[in-house]
Amino acid sequence: MRRVAMAFLSLLFLLLLFSIESCKAQKTPPPSGTAPQTQAQEVSVRSGLLAQFEKELTELVERVSPSVVAIYSTQEVSRGFGEDFPFFFPFQVPQERRSLGSGVIIAFKNGKFYILTNNHVVQRAKRIRVRFDPHTEKDGKLVGGDPKTDVAVVEVDAKGIENPEGRVAKLGDSDKLKVGQLVIAIGNPYGLERTVTFGVISALRRSIGITQYESFIQTDAPINPGNSGGPLINIKGEVIGINTAIVAEGQGLGFAIPINLAKWVADQLMAKGRVVRGWLGVVIQEITPEIAETIGVKEGILVAQIAPGSPAEKAGLKVGDIIVAVDGEKVREVRELQFKIMKTPPGTEITLTIIRGGKEQTIKAKVGEMPEEVSFGQPREQVGELGLSLRDLSPEEVSRFGVKGVFVEGVAPGSLAQRSGLRRGDIILAVNNEPVESLSQFNEKIERAKSEQRTRVLLLIRRGVNNLYVVLYLR
């Protein structure tokens with residue numbers, strides 16, 4: 001809403017002008033015959049502008065609020081009675097857990113509302129309830145969810161809802177956002193429905209490591225648990241982001257999915273029930289100052305790994321190539337190349353400009369469709385009676401986790417590894433305080449321990465963001 005923007009800017013300008021004039025007035029007496037402005041008049045001017053801005057802001061919130069809903073999802077979780085009574089109930093029982101989130105209505109078609117929210121709000125939900133106001137609550141149906149971007153769409157029957165077309169939110173253009181723009185977050189933090197908070201865009205294109213495709217809007221508009229899935233709007237009343245995450249340890253650090261990305265995903269979910277992405281099949285990384293000094297190239301994206309049988313391999317890309325442009329457009333960041341390929345329809349032929357051996361050349365590649373699971377041919381091994389499925393960390397994972405080690409892909413039920421307390425997702429950093437950086441090193445140290453007739457080894461592992469020691473039994 002342009003009136004809000006103009007009112008706010010006018011307010012700031014006049015307050016600044018007033019401050020300057022006040023400073024001048026303190027140094028220069030008013031001309032003879034001119035009565036000085038009284039303090040009451042000054043206050044009146046400022047309060048009038050504030051009142052105008054306040055009026056415009058409240059009207060904007062009133063217009064947008066009908067598009068914001070509360071989403072209650074019920075998931076079934078397994079909990080072992082043995083956790084409380086290990087000798088009497090050593091089994092798992094299903095229990096229900098109810099979680100709260102927010103959503104925003106983005107479409108009304110054929111008597112149905114389509115609501116944009118976060119995937120983590122509704123994933124694995126047995127039942128979804130959508131609350132439109134304190135007196136109206138309906139069952140929702142999951143149209144589709146995308147964990148790679150944390151976007152989901154929920155469908156709700158609009159029968160009995162007054163003025164359904166008027167509840168559809170207007171979407172903005174997140175590609176045109178700038179740091180410093182004013183934003184408003186609306187949602188249901190801690191179950192407090194339609195809470196409104198105000199702030200600015202603090203940063204753009206943030207990556208915080210919670211999804212595969214990230215280019216978050218960072219804002220200082222307060223976002224709390226329950227805001228997930230709710231809209232971040234600009235002063236025109238347009239949705240420019242979907243509130244998704246916070247940094248628990250920090251204040252003023254909220255993150256929203258840009259609406260252009262969320263809409264791209266939502267359109268596919270509504271049309272196909274799933275997201276089709278373009279795929280090359282490469283692990284890529286930024287060129288750091290240290291790497292640039294070594295290879296003599298400062299700009300571009302470094303290819304660290306290529307999946308067997310992938311479009312990249314078929315096109316002739318090699319590990320060590322540096323991708324500097326796609327179809328003549330330069331790429332400078334990993335996410336820039338990642339998003340460009342993701343949005344390219346499978347079957348499209350693209351031209352990659354690369355640097356190989358210090359010389360620039362072009363390669364034609366046909367973009368494929370990203371499979372559900374991607375294999376890069378990393379070494380994997382089921383380590384005998386230990387019951388461990390292991391593999392080396394990829395260069396991308398080493399960069400993301402900040403450690404070198406061996407990744408635990410699986411732990412066999414009832415195995416020595418499970419009895420020792422290892423879990424899927426752990427990263428083994430050391431065996432008996434000797435670092436391990438590859439599967440072959442891990443196997444070597446385990447075999448050596450067995451040859452020394454040891455019955456156990458001490459593992460240092462990374463679990464989540466913490467390191468801890470675990471004793472692994474060998475027999």
# chains A, B, ... in the order shown; residues from 1 in each chain; ligands from 1
call {"tool": "residues_around", "arguments": {"residues": "Trp279 of chain A", "least_positions_apart": "5", "cutoff": "8 Å", "atoms": "only C-alpha atoms", "output": "tab-separated table (two decimals) with N, CA, C and O atoms, in the first residue's frame"}}
result
chain	number	residue	atom	x	y	z
A	311	PRO	N	23.61	-36.33	-16.05
A	311	PRO	CA	23.75	-35.43	-17.21
A	311	PRO	C	25.12	-34.78	-17.27
A	311	PRO	O	25.66	-34.57	-18.36
A	341	ILE	N	19.69	-24.19	-12.29
A	341	ILE	CA	19.50	-25.55	-12.81
A	341	ILE	C	18.18	-26.12	-12.31
A	341	ILE	O	17.45	-26.77	-13.05
A	342	MET	N	17.87	-25.88	-11.04
A	342	MET	CA	16.63	-26.40	-10.45
A	342	MET	C	15.40	-25.97	-11.25
A	342	MET	O	14.48	-26.76	-11.47
A	346	PRO	N	13.45	-30.30	-17.17
A	346	PRO	CA	14.21	-31.46	-17.64
A	346	PRO	C	14.08	-31.63	-19.15
A	346	PRO	O	13.00	-31.42	-19.73
A	367	VAL	N	19.76	-31.05	-19.38
A	367	VAL	CA	19.35	-31.12	-17.98
A	367	VAL	C	18.41	-32.30	-17.78
A	367	VAL	O	17.48	-32.53	-18.57
A	368	GLY	N	18.66	-33.08	-16.73
A	368	GLY	CA	17.81	-34.21	-16.40
A	368	GLY	C	16.83	-33.85	-15.29
A	368	GLY	O	16.80	-32.70	-14.82
A	369	GLU	N	16.02	-34.81	-14.85
A	369	GLU	CA	15.11	-34.62	-13.72
A	369	GLU	C	15.76	-35.15	-12.47
A	369	GLU	O	16.27	-36.27	-12.44
A	370	MET	N	15.73	-34.34	-11.42
A	370	MET	CA	16.38	-34.75	-10.17
A	370	MET	C	15.67	-35.98	-9.60
A	370	MET	O	14.46	-35.96	-9.36
call {"tool": "select_by_dssp", "arguments": {"residues": "segment 38-252 of chain A", "states": "strand (DSSP E)", "output": "PyMOL selection string"}}
result
chain A and resi 68-80+92-109+112-118+125-133+136-146+151-157+170-171+182-187+195-206+216-219+231-234+238-246
call {"tool": "residues_around", "arguments": {"residues": "Gly166 of chain A", "least_positions_apart": "4", "cutoff": "10 Å", "atoms": "only C-alpha atoms", "output": "PyMOL selection string"}}
result
chain A and resi 63-64+66-67+108+162
call {"tool": "closest_residue", "arguments": {"among": "A:Val471, A:Leu460, A:Ile217, A:Val406", "to": "Phe442 of chain A", "atoms": "only C-alpha atoms"}}
result
A:Val406
call {"tool": "residues_around", "arguments": {"residues": "segment 386-400 of chain A", "least_positions_apart": "3", "cutoff": "10 Å", "atoms": "only C-alpha atoms", "output": "PyMOL selection string"}}
result
chain A and resi 208-209+283-286+304-305+376-383+403-420+422-428+437-440+442+472-475
call {"tool": "atom_distance", "arguments": {"atom1": "atom CA of Asn163 of chain A", "atom2": "atom CA of Trp264 of chain A"}}
result
26.4 Å
call {"tool": "closest_residue", "arguments": {"among": "A:Ile106, A:Val247, A:Leu192, A:Val303", "to": "Pro164 of chain A", "atoms": "only C-alpha atoms"}}
result
A:Ile106
call {"tool": "closest_residue", "arguments": {"among": "A:Gly111, A:Gly347, A:Gly296, A:Gly316", "to": "Ala158 of chain A", "atoms": "only C-alpha atoms"}}
result
A:Gly111
call {"tool": "atom_distance", "arguments": {"atom1": "atom CA of Asn227 of chain A", "atom2": "atom CA of Leu50 of chain A"}}
result
28.0 Å
call {"tool": "closest_residue", "arguments": {"among": "A:Gln212, A:Thr351, A:Asn432, A:Gln52", "to": "Leu459 of chain A", "atoms": "only C-alpha atoms"}}
result
A:Asn432
call {"tool": "residues_around", "arguments": {"residues": "Phe216 of chain A", "least_positions_apart": "4", "cutoff": "6 Å", "atoms": "only C-alpha atoms", "output": "list in words"}}
result
Arg205, Arg206, Phe255, Ala256 and Ile257 of chain A
call {"tool": "write_last_selection", "arguments": {"atoms": "N, CA and C atoms", "output": "PDB file, in the first residue's frame"}}
result
ATOM      1  N   ARG A 205      19.282 -13.454   0.724  1.00  0.00           N
ATOM      2  CA  ARG A 205      20.044 -14.612   0.238  1.00  0.00           C
ATOM      3  C   ARG A 205      20.859 -15.283   1.344  1.00  0.00           C
ATOM      4  N   ARG A 206      20.224 -15.456   2.503  1.00  0.00           N
ATOM      5  CA  ARG A 206      20.885 -16.111   3.618  1.00  0.00           C
ATOM      6  C   ARG A 206      20.772 -17.639   3.490  1.00  0.00           C
ATOM      7  N   PHE A 255      13.875 -15.817   9.674  1.00  0.00           N
ATOM      8  CA  PHE A 255      14.159 -16.129   8.279  1.00  0.00           C
ATOM      9  C   PHE A 255      12.880 -16.548   7.564  1.00  0.00           C
ATOM     10  N   ALA A 256      12.733 -16.059   6.336  1.00  0.00           N
ATOM     11  CA  ALA A 256      11.541 -16.331   5.536  1.00  0.00           C
ATOM     12  C   ALA A 256      11.936 -16.808   4.147  1.00  0.00           C
ATOM     13  N   ILE A 257      11.171 -17.755   3.607  1.00  0.00           N
ATOM     14  CA  ILE A 257      11.388 -18.235   2.242  1.00  0.00           C
ATOM     15  C   ILE A 257      10.888 -17.159   1.280  1.00  0.00           C
TER      16      ILE A 257
END
